[in-house]
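Participant: My structure file entry-v5.csv, CSV, C-alpha atoms, is below:
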```csv
chain,number,residue,atom,x,y,z
K,7,MET,CA,61.8,-48.6,73.2
K,8,SER,CA,64.1,-46.0,74.7
K,9,SER,CA,66.5,-47.5,77.3
K,10,ALA,CA,66.1,-44.2,79.3
K,11,LEU,CA,62.7,-45.4,80.5
K,12,PHE,CA,64.3,-48.4,82.2
K,13,GLU,CA,67.3,-46.7,83.7
K,14,SER,CA,67.3,-45.9,87.4
K,15,PHE,CA,66.3,-42.3,88.3
K,16,PRO,CA,67.3,-40.5,91.5
K,17,LEU,CA,64.5,-38.5,92.9
K,18,ASN,CA,67.0,-37.1,95.4
K,19,SER,CA,69.8,-38.3,97.7
K,20,THR,CA,67.4,-40.4,99.7
K,21,ILE,CA,65.2,-42.1,97.1
K,22,SER,CA,66.1,-43.7,93.8
K,23,LEU,CA,63.7,-45.3,91.3
K,24,ALA,CA,64.4,-48.5,89.4
K,25,ASN,CA,62.9,-46.9,86.2
K,26,ARG,CA,61.0,-43.9,85.0
K,27,PHE,CA,57.6,-45.5,84.8
K,28,VAL,CA,55.1,-44.6,87.6
K,29,MET,CA,51.9,-46.3,88.3
K,30,ALA,CA,49.5,-43.3,88.5
K,31,PRO,CA,47.0,-43.0,91.4
K,32,LEU,CA,43.8,-44.9,90.4
K,33,THR,CA,40.7,-44.7,92.4
K,34,ARG,CA,39.3,-48.2,92.6
K,35,CYS,CA,36.7,-47.9,95.5
K,36,MET,CA,37.7,-51.3,96.9
K,37,ALA,CA,38.4,-50.5,100.6
K,38,GLY,CA,36.7,-52.7,103.2
K,39,PRO,CA,34.5,-51.8,106.1
K,40,GLY,CA,35.8,-48.7,107.9
K,41,LEU,CA,37.6,-47.7,104.8
K,42,VAL,CA,40.4,-50.1,105.7
K,43,PRO,CA,42.6,-51.4,102.9
K,44,THR,CA,42.2,-55.1,102.2
K,45,ASP,CA,44.4,-58.1,101.6
K,46,ILE,CA,43.2,-58.2,98.0
K,47,MET,CA,44.5,-54.6,97.6
K,48,ALA,CA,47.9,-55.7,98.9
K,49,GLU,CA,48.0,-58.4,96.1
K,50,TYR,CA,46.9,-55.8,93.6
K,51,TYR,CA,49.7,-53.3,94.4
K,52,GLY,CA,52.3,-56.0,95.0
K,53,ARG,CA,51.9,-57.4,91.4
K,54,ARG,CA,52.8,-53.9,90.0
K,55,ALA,CA,55.8,-53.3,92.2
K,56,ASP,CA,58.3,-53.4,89.3
K,57,ALA,CA,57.1,-49.8,88.4
K,58,GLY,CA,59.7,-47.3,89.3
K,59,LEU,CA,57.2,-45.9,91.7
K,60,ILE,CA,53.6,-46.7,92.7
K,61,ILE,CA,51.3,-43.8,93.8
K,62,SER,CA,48.5,-45.2,95.8
K,63,GLU,CA,44.9,-44.6,95.0
K,64,ALA,CA,43.8,-41.3,96.5
K,65,THR,CA,43.4,-41.7,100.3
K,66,ILE,CA,41.2,-39.5,102.5
K,67,ILE,CA,42.8,-37.7,105.3
K,68,ARG,CA,39.7,-37.5,107.5
K,69,ALA,CA,36.1,-38.5,107.5
K,70,ASP,CA,34.6,-35.4,105.8
K,71,ALA,CA,37.1,-35.8,102.9
K,72,GLN,CA,35.1,-38.5,101.2
K,73,GLY,CA,33.2,-38.1,98.0
K,74,TYR,CA,33.3,-41.6,96.5
K,75,PRO,CA,32.2,-45.0,98.0
K,76,ASP,CA,34.7,-47.3,99.6
K,77,THR,CA,37.8,-45.1,99.2
K,78,PRO,CA,40.5,-45.9,101.8
K,79,GLY,CA,41.5,-43.7,104.7
K,80,ILE,CA,44.6,-43.0,106.6
K,81,PHE,CA,43.2,-41.4,109.8
K,82,ASN,CA,42.9,-44.3,112.3
K,83,ASP,CA,44.9,-47.3,113.5
K,84,GLU,CA,43.0,-49.9,111.6
K,85,GLN,CA,43.6,-48.1,108.3
K,86,ILE,CA,47.3,-47.7,109.1
K,87,ALA,CA,47.5,-51.5,109.8
K,88,GLY,CA,45.7,-52.2,106.5
K,89,TRP,CA,48.1,-50.1,104.5
K,90,LYS,CA,51.1,-51.7,106.2
K,91,LYS,CA,50.2,-55.0,104.5
K,92,ILE,CA,50.3,-53.2,101.2
K,93,THR,CA,53.6,-51.4,101.7
K,94,GLN,CA,55.2,-54.6,103.0
K,95,LYS,CA,54.1,-56.5,99.9
K,96,VAL,CA,55.3,-53.8,97.5
K,97,HIS,CA,58.7,-53.6,99.3
K,98,ALA,CA,59.0,-57.4,99.4
K,99,ASN,CA,58.7,-57.3,95.6
K,100,GLY,CA,61.3,-54.6,95.3
K,101,GLY,CA,59.1,-51.6,94.7
K,102,LYS,CA,58.6,-48.1,96.1
K,103,ILE,CA,55.2,-46.5,96.9
K,104,PHE,CA,54.0,-43.0,97.8
K,105,MET,CA,50.6,-42.4,99.3
K,106,GLN,CA,48.4,-39.8,97.7
K,107,LEU,CA,46.7,-37.6,100.4
K,108,TRP,CA,43.2,-36.5,99.5
K,109,HIS,CA,40.4,-34.2,100.6
K,110,VAL,CA,37.8,-33.7,98.0
K,111,GLY,CA,36.4,-30.4,99.5
K,112,ARG,CA,33.1,-29.4,98.0
K,113,VAL,CA,32.6,-32.6,96.1
K,114,ALA,CA,32.4,-34.6,99.4
K,115,HIS,CA,29.0,-35.7,100.7
K,116,SER,CA,27.3,-36.0,104.1
K,117,HIS,CA,26.1,-39.5,103.0
K,118,PHE,CA,29.5,-40.9,103.9
K,119,SER,CA,30.4,-39.1,107.1
K,120,GLY,CA,27.2,-37.3,108.3
K,121,LEU,CA,29.3,-34.0,108.0
K,122,GLN,CA,28.6,-31.0,105.7
K,123,PRO,CA,31.2,-30.7,103.0
K,124,VAL,CA,33.8,-27.9,103.4
K,125,ALA,CA,35.4,-25.7,100.8
K,126,PRO,CA,37.2,-22.3,100.4
K,127,SER,CA,33.8,-20.7,99.7
K,128,ALA,CA,30.1,-21.6,99.9
K,129,VAL,CA,29.9,-22.4,96.2
K,130,LYS,CA,28.0,-25.6,95.3
K,131,HIS,CA,29.1,-28.0,92.6
K,132,GLU,CA,26.2,-28.9,90.4
K,133,GLY,CA,25.6,-32.5,89.4
K,134,THR,CA,25.5,-36.0,91.0
K,135,LEU,CA,28.2,-38.1,92.6
K,136,PRO,CA,30.1,-40.6,90.4
K,137,ARG,CA,29.2,-44.2,91.1
K,138,MET,CA,26.2,-42.9,93.3
K,139,ARG,CA,24.0,-41.0,90.8
K,140,ASP,CA,21.1,-40.9,93.2
K,141,LEU,CA,23.0,-38.4,95.3
K,142,SER,CA,23.4,-34.7,94.3
K,143,TYR,CA,26.2,-32.5,95.5
K,144,GLU,CA,25.5,-30.4,98.6
K,145,MET,CA,26.2,-26.7,99.5
K,146,PRO,CA,29.6,-26.7,101.3
K,147,LYS,CA,30.5,-24.7,104.4
K,148,ALA,CA,33.1,-22.0,103.8
K,149,LEU,CA,36.1,-22.7,105.9
K,150,THR,CA,37.0,-20.4,108.8
K,151,HIS,CA,40.6,-19.5,109.6
K,152,GLU,CA,40.5,-22.1,112.4
K,153,ASP,CA,39.1,-24.7,110.0
K,154,ILE,CA,42.0,-24.0,107.6
K,155,GLN,CA,44.6,-24.4,110.3
K,156,GLN,CA,43.0,-27.6,111.4
K,157,LEU,CA,43.2,-28.9,107.9
K,158,VAL,CA,46.9,-28.2,107.7
K,159,THR,CA,47.3,-30.2,110.9
K,160,ASP,CA,45.2,-33.0,109.5
K,161,TYR,CA,47.3,-33.2,106.3
K,162,VAL,CA,50.4,-33.5,108.5
K,163,THR,CA,48.8,-36.2,110.7
K,164,ALA,CA,47.9,-38.1,107.5
K,165,ALA,CA,51.4,-37.8,106.2
K,166,GLN,CA,52.8,-39.1,109.4
K,167,ASN,CA,50.3,-41.9,109.5
K,168,ALA,CA,51.4,-42.8,105.9
K,169,MET,CA,55.0,-43.0,107.0
K,170,ALA,CA,54.0,-45.1,110.0
K,171,ALA,CA,52.3,-47.5,107.5
K,172,GLY,CA,55.6,-47.9,105.7
K,173,PHE,CA,55.2,-45.6,102.7
K,174,ASP,CA,58.3,-44.2,101.0
K,175,GLY,CA,56.7,-40.8,100.8
K,176,VAL,CA,53.5,-38.9,100.2
K,177,GLU,CA,51.9,-37.0,97.3
K,178,ILE,CA,49.7,-34.2,98.3
K,179,HIS,CA,46.6,-34.2,96.0
K,180,GLY,CA,46.3,-30.5,95.0
K,181,ALA,CA,44.7,-31.2,91.6
K,182,ASN,CA,41.5,-32.3,89.7
K,183,GLY,CA,39.1,-29.8,91.4
K,184,TYR,CA,39.5,-31.2,94.9
K,185,LEU,CA,40.0,-29.1,98.1
K,186,ILE,CA,43.5,-27.7,97.6
K,187,ASP,CA,42.8,-27.0,93.9
K,188,GLN,CA,39.6,-25.2,94.9
K,189,PHE,CA,41.7,-22.6,96.6
K,190,LEU,CA,43.8,-22.1,93.4
K,191,HIS,CA,40.9,-21.3,91.0
K,192,PHE,CA,38.7,-18.2,90.8
K,193,ASP,CA,35.6,-20.3,90.0
K,194,THR,CA,35.7,-21.9,93.5
K,195,ASN,CA,37.6,-19.3,95.6
K,196,LYS,CA,35.5,-16.3,96.3
K,197,ARG,CA,37.2,-15.4,99.5
K,198,THR,CA,38.1,-11.8,100.4
K,199,ASP,CA,40.6,-12.6,103.2
K,200,GLU,CA,44.2,-13.6,103.1
K,201,TYR,CA,43.2,-16.8,101.2
K,202,GLY,CA,41.5,-15.2,98.3
K,203,GLU,CA,41.5,-12.5,95.5
K,204,THR,CA,45.2,-12.5,94.7
K,205,PRO,CA,47.7,-15.1,93.5
K,206,GLU,CA,49.6,-14.8,96.7
K,207,ASN,CA,46.5,-15.3,98.8
K,208,MET,CA,45.0,-18.0,96.7
K,209,SER,CA,48.3,-20.0,96.9
K,210,ARG,CA,48.6,-19.6,100.6
K,211,PHE,CA,46.7,-22.7,101.8
K,212,ALA,CA,48.5,-25.0,99.3
K,213,LEU,CA,51.9,-23.7,100.3
K,214,GLN,CA,51.0,-24.0,104.0
K,215,VAL,CA,50.2,-27.7,103.5
K,216,VAL,CA,53.3,-28.3,101.4
K,217,ASP,CA,55.5,-26.6,104.0
K,218,ALA,CA,53.9,-28.4,107.0
K,219,VAL,CA,54.0,-31.8,105.4
K,220,SER,CA,57.6,-31.3,104.2
K,221,ALA,CA,58.7,-30.3,107.8
K,222,ALA,CA,57.0,-33.3,109.2
K,223,VAL,CA,58.1,-36.1,106.9
K,224,GLY,CA,61.0,-34.5,104.9
K,225,ALA,CA,60.9,-32.5,101.7
K,226,GLU,CA,62.6,-35.4,99.9
K,227,ARG,CA,59.5,-37.6,100.7
K,228,THR,CA,56.9,-34.9,99.9
K,229,ALA,CA,55.4,-34.5,96.4
K,230,LEU,CA,52.5,-32.5,95.0
K,231,ARG,CA,50.0,-32.9,92.2
K,232,ILE,CA,48.5,-29.8,90.5
K,233,THR,CA,46.0,-29.0,87.7
K,234,PRO,CA,46.8,-25.5,86.2
K,235,GLY,CA,44.1,-26.0,83.5
K,236,ALA,CA,40.7,-26.5,85.2
K,237,TYR,CA,38.8,-29.3,83.6
K,238,ALA,CA,37.2,-31.4,86.4
K,239,HIS,CA,34.8,-30.0,89.0
K,240,ILE,CA,35.8,-26.4,88.2
K,241,ALA,CA,35.2,-24.0,85.4
K,242,PRO,CA,38.3,-22.4,83.8
K,243,ASP,CA,39.1,-18.7,84.3
K,244,ALA,CA,41.8,-16.9,82.5
K,245,ARG,CA,42.9,-15.3,85.8
K,246,ASP,CA,44.0,-18.7,87.1
K,247,ARG,CA,47.1,-18.3,85.0
K,248,GLU,CA,48.4,-15.6,87.3
K,249,VAL,CA,47.8,-17.9,90.3
K,250,PHE,CA,49.7,-20.8,88.9
K,251,ASP,CA,52.5,-18.5,87.6
K,252,TYR,CA,53.0,-17.4,91.2
K,253,PHE,CA,52.4,-20.8,92.8
K,254,ILE,CA,55.0,-22.6,90.7
K,255,GLU,CA,57.5,-19.8,91.3
K,256,GLN,CA,57.0,-20.4,95.0
K,257,LEU,CA,57.4,-24.2,94.5
K,258,ASN,CA,60.7,-23.5,92.8
K,259,GLN,CA,61.9,-22.1,96.1
K,260,ARG,CA,61.1,-25.3,97.9
K,261,GLU,CA,62.3,-28.9,97.6
K,262,LEU,CA,59.9,-31.5,96.5
K,263,ALA,CA,60.4,-35.1,95.5
K,264,TYR,CA,58.5,-34.3,92.3
K,265,LEU,CA,55.7,-32.2,90.9
K,266,HIS,CA,52.9,-34.2,89.2
K,267,LEU,CA,50.4,-33.0,86.6
K,268,GLY,CA,46.8,-33.9,87.3
K,269,ILE,CA,44.9,-34.3,84.0
K,270,PHE,CA,43.1,-37.2,82.3
K,271,ASP,CA,44.0,-36.2,78.8
K,272,ASP,CA,47.1,-34.0,78.2
K,273,SER,CA,46.2,-33.4,74.6
K,274,MET,CA,43.7,-30.8,76.0
K,275,THR,CA,44.9,-27.2,75.5
K,276,PHE,CA,44.0,-24.1,77.5
K,277,GLU,CA,44.2,-20.7,75.8
K,278,HIS,CA,45.2,-18.9,79.0
K,279,LEU,CA,48.1,-21.4,79.5
K,280,GLY,CA,49.3,-21.1,75.9
K,281,GLY,CA,48.6,-24.8,75.2
K,282,ARG,CA,49.0,-28.1,77.0
K,283,SER,CA,49.3,-28.1,80.8
K,284,SER,CA,52.4,-30.3,80.7
K,285,THR,CA,54.2,-27.8,78.5
K,286,TYR,CA,53.2,-24.9,80.8
K,287,ILE,CA,54.6,-26.7,83.9
K,288,ARG,CA,57.8,-27.8,82.2
K,289,GLU,CA,58.6,-24.3,81.1
K,290,ARG,CA,58.3,-23.0,84.6
K,291,TYR,CA,59.1,-25.7,87.2
K,292,GLN,CA,62.8,-26.3,87.8
K,293,GLY,CA,62.5,-29.6,89.7
K,294,THR,CA,61.5,-33.2,88.8
K,295,PHE,CA,58.4,-33.1,86.7
K,296,MET,CA,56.0,-36.1,86.3
K,297,SER,CA,53.6,-36.0,83.4
K,298,VAL,CA,50.5,-38.0,82.8
K,299,GLY,CA,47.3,-37.9,80.7
K,300,GLY,CA,47.0,-40.7,78.1
K,301,LEU,CA,50.7,-41.5,77.8
K,302,THR,CA,51.7,-44.7,76.0
K,303,PRO,CA,55.1,-46.4,76.2
K,304,GLU,CA,55.9,-44.8,72.9
K,305,THR,CA,54.8,-41.2,73.8
K,306,ALA,CA,56.5,-41.6,77.2
K,307,ALA,CA,59.8,-42.6,75.5
K,308,GLN,CA,59.5,-39.6,73.1
K,309,GLY,CA,58.7,-37.2,76.0
K,310,ILE,CA,61.7,-38.4,78.0
K,311,ALA,CA,63.9,-38.1,74.9
K,312,ASN,CA,62.7,-34.6,74.2
K,313,ASN,CA,63.1,-33.5,77.9
K,314,GLU,CA,59.4,-32.8,78.1
K,315,PHE,CA,59.2,-34.5,81.5
K,316,ASP,CA,61.3,-36.6,83.8
K,317,LEU,CA,58.9,-39.4,84.9
K,318,ALA,CA,55.9,-40.9,83.0
K,319,ALA,CA,52.8,-41.8,85.0
K,320,ILE,CA,50.7,-44.5,83.4
K,321,GLY,CA,47.1,-45.1,84.6
K,322,ARG,CA,44.6,-47.5,83.0
K,323,PRO,CA,47.2,-49.7,81.2
K,324,PHE,CA,48.5,-50.7,84.7
K,325,ILE,CA,45.0,-51.9,85.6
K,326,ALA,CA,44.8,-54.0,82.4
K,327,ASN,CA,48.4,-55.2,82.7
K,328,PRO,CA,49.8,-56.1,86.1
K,329,ASP,CA,52.9,-57.1,84.2
K,330,PHE,CA,53.0,-53.7,82.3
K,331,ILE,CA,56.8,-53.1,82.9
K,332,GLN,CA,57.7,-56.6,81.6
K,333,ARG,CA,55.5,-56.3,78.6
K,334,VAL,CA,56.9,-53.0,77.6
K,335,ARG,CA,60.5,-54.1,78.2
K,336,GLU,CA,60.0,-57.2,76.1
K,337,ASN,CA,57.9,-55.4,73.5
K,338,THR,CA,54.9,-57.7,74.1
K,339,PRO,CA,51.5,-56.4,73.1
K,340,LEU,CA,49.5,-54.8,76.0
K,341,VAL,CA,46.0,-56.0,77.0
K,342,GLU,CA,43.6,-53.2,76.2
K,343,TYR,CA,41.8,-51.6,79.1
K,344,ASN,CA,38.0,-51.8,79.4
K,345,ASN,CA,35.6,-50.5,82.0
K,346,ASP,CA,34.6,-54.0,83.1
K,347,MET,CA,38.1,-54.3,84.7
K,348,LEU,CA,37.1,-51.8,87.4
K,349,ALA,CA,34.7,-54.3,88.8
K,350,GLU,CA,37.5,-56.4,90.4
K,351,LEU,CA,41.1,-56.0,91.5
K,352,ILE,CA,43.4,-58.1,89.3
```
Could you show the structure in this file as structure tokens?

Facilitator:
Amino acid sequence: MSSALFESFPLNSTISLANRFVMAPLTRCMAGPGLVPTDIMAEYYGRRADAGLIISEATIIRADAQGYPDTPGIFNDEQIAGWKKITQKVHANGGKIFMQLWHVGRVAHSHFSGLQPVAPSAVKHEGTLPRMRDLSYEMPKALTHEDIQQLVTDYVTAAQNAMAAGFDGVEIHGANGYLIDQFLHFDTNKRTDEYGETPENMSRFALQVVDAVSAAVGAERTALRITPGAYAHIAPDARDREVFDYFIEQLNQRELAYLHLGIFDDSMTFEHLGGRSSTYIRERYQGTFMSVGGLTPETAAQGIANNEFDLAAIGRPFIANPDFIQRVRENTPLVEYNNDMLAELI
């Protein structure tokens, strides 16, 4: 196994990681009443603190952001207090942890909050909710200018709440067909104002959130996840390439802790991107790039050696192996993940 994976890696002058393995954000739907993180969650994260960085499960920034059952929040004092137990446990075990800030946009549901979902445009997503197949998606409300500015404020408040809870930084979830990503794709963005139609306009909301959060908590503590190739909750459109060409060019003019690919399987190729999403980003983004999407210790080592990415995010193997880092370091066989493991935090 390449020693580079286990060498320390400086994100910037403020944050250094013990190794290049990252525990990817993994939605577990295990929050307690009021979407408050639990003591069991603290044990779960604490056992994996030897990862170079942990990215928390996606965490909703306000009540109408929820599209899955029992996902934790970061918009009230009880939730902040619950997360403090988690960050304290991770830090006591020598780890670092970023919170992933989440609004699911049109794939939210009024079942959770009593509020109509919101989105760039009134375009309904067809299908039923994961883990709640008796609920169908609803028609979202198209966001007004005032709504959009309120969302920027709410992302900032959530980031500040995360820092108050002891996180080392935040990752803005701009990927996987959720709210920010819905602005970046033609399938979901039908606006004709300054937030639609052109790459500059379609990138505007995402950049406003990045800039506002960076100003509030520090660019060195602000990261972003993106999905250039639509594959979840959104249909691909060849014109999306122009949006992401522009968007990444704009990100290069800003400081981020890292840019993180959002995809389940990076072997997927997209004709309009010229191949894999990770290759597309690496060829354009000048900062620290975190890849994901079915990486193994072996492919992570190869990717680092080939300069395909800087950090390797690992998902399900971290669920199956709380001691993932130790097993890889000692070349011990990994426990294979299975879906039954989602039923409990281990």

Participant: Provide the atom CA of K:Thr233 to atom CA of K:Pro205 distance in Å, to one decimal place.

Facilitator: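 Here the two named atoms are 15.2 Å from each other.
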
Participant: Identify the residues within 10 Å of coordinate (40.9, -18.2, 100.1) (same frame as the file), considering only C-alpha atoms, and give the answer as a compact mmCIF listing (two decimals) with C-alpha atoms, in the coordinates of the input.

Facilitator:
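Contents of point21.txt, freshly written:
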```txt
# COMPACT_ATOMS: atom_id res chain seq x y z
CA ALA K 125 35.40 -25.70 100.80
CA PRO K 126 37.20 -22.30 100.40
CA SER K 127 33.80 -20.70 99.70
CA ALA K 148 33.10 -22.00 103.80
CA LEU K 149 36.10 -22.70 105.90
CA THR K 150 37.00 -20.40 108.80
CA HIS K 151 40.60 -19.50 109.60
CA ILE K 154 42.00 -24.00 107.60
CA GLN K 188 39.60 -25.20 94.90
CA PHE K 189 41.70 -22.60 96.60
CA LEU K 190 43.80 -22.10 93.40
CA HIS K 191 40.90 -21.30 91.00
CA PHE K 192 38.70 -18.20 90.80
CA THR K 194 35.70 -21.90 93.50
CA ASN K 195 37.60 -19.30 95.60
CA LYS K 196 35.50 -16.30 96.30
CA ARG K 197 37.20 -15.40 99.50
CA THR K 198 38.10 -11.80 100.40
CA ASP K 199 40.60 -12.60 103.20
CA GLU K 200 44.20 -13.60 103.10
CA TYR K 201 43.20 -16.80 101.20
CA GLY K 202 41.50 -15.20 98.30
CA GLU K 203 41.50 -12.50 95.50
CA THR K 204 45.20 -12.50 94.70
CA PRO K 205 47.70 -15.10 93.50
CA GLU K 206 49.60 -14.80 96.70
CA ASN K 207 46.50 -15.30 98.80
CA MET K 208 45.00 -18.00 96.70
CA SER K 209 48.30 -20.00 96.90
CA ARG K 210 48.60 -19.60 100.60
CA PHE K 211 46.70 -22.70 101.80
```

Participant: Using only C-alpha atoms, which of the listed residues (K:Met145, K:Leu262, K:Ile103, K:Leu23) sits closest to K:Ile60?

Facilitator: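 Looking only at the distances to K:Ile60, the closest residue turns out to be K:Ile103.
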
Participant: Figure out the distance between atom CA of K:Ile86 and atom CA of K:Asn167, please, to one decimal in Å.

Facilitator: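 One can read the atom CA of K:Asn167 to atom CA of K:Ile86 distance as 6.5 Å.
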
Participant: Please produce, as a tab-separated table, a per-residue contact table for stretch 201-293 of chain K versus stretch 130-134 of chain K (criterion: any atom at most 12 Å away, only C-alpha atoms considered), showing the nearest atom pair and its distance in Å to one decimal, sorted by chain then residue number.

Facilitator:
```
residue	atom	partner	partner_atom	distance
K:Ala238	CA	K:His131	CA	10.8
K:His239	CA	K:His131	CA	7.0
K:Ile240	CA	K:His131	CA	8.2
K:Ala241	CA	K:His131	CA	10.2
```

Participant: Could you check which of K:Gly79, K:Pro31, K:Gly58, K:Gly224 is closest to K:Ala171, using all atoms listed in the file?

Facilitator: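 Distance minimum relative to K:Ala171 lands on K:Gly79.
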
Participant: Which neighbours of K:Phe118 fall inside 10 Å, counting all atoms listed in the file, when residues of the same chain fewer than 3 positions from it are skipped, and could you give them as a compact mmCIF listing (two decimals) with C-alpha atoms, in the coordinates of the input?

Facilitator:
```txt
# COMPACT_ATOMS: atom_id res chain seq x y z
CA ALA K 69 36.10 -38.50 107.50
CA ASP K 70 34.60 -35.40 105.80
CA ALA K 71 37.10 -35.80 102.90
CA GLN K 72 35.10 -38.50 101.20
CA GLY K 73 33.20 -38.10 98.00
CA TYR K 74 33.30 -41.60 96.50
CA PRO K 75 32.20 -45.00 98.00
CA ASP K 76 34.70 -47.30 99.60
CA ALA K 114 32.40 -34.60 99.40
CA HIS K 115 29.00 -35.70 100.70
CA LEU K 121 29.30 -34.00 108.00
```
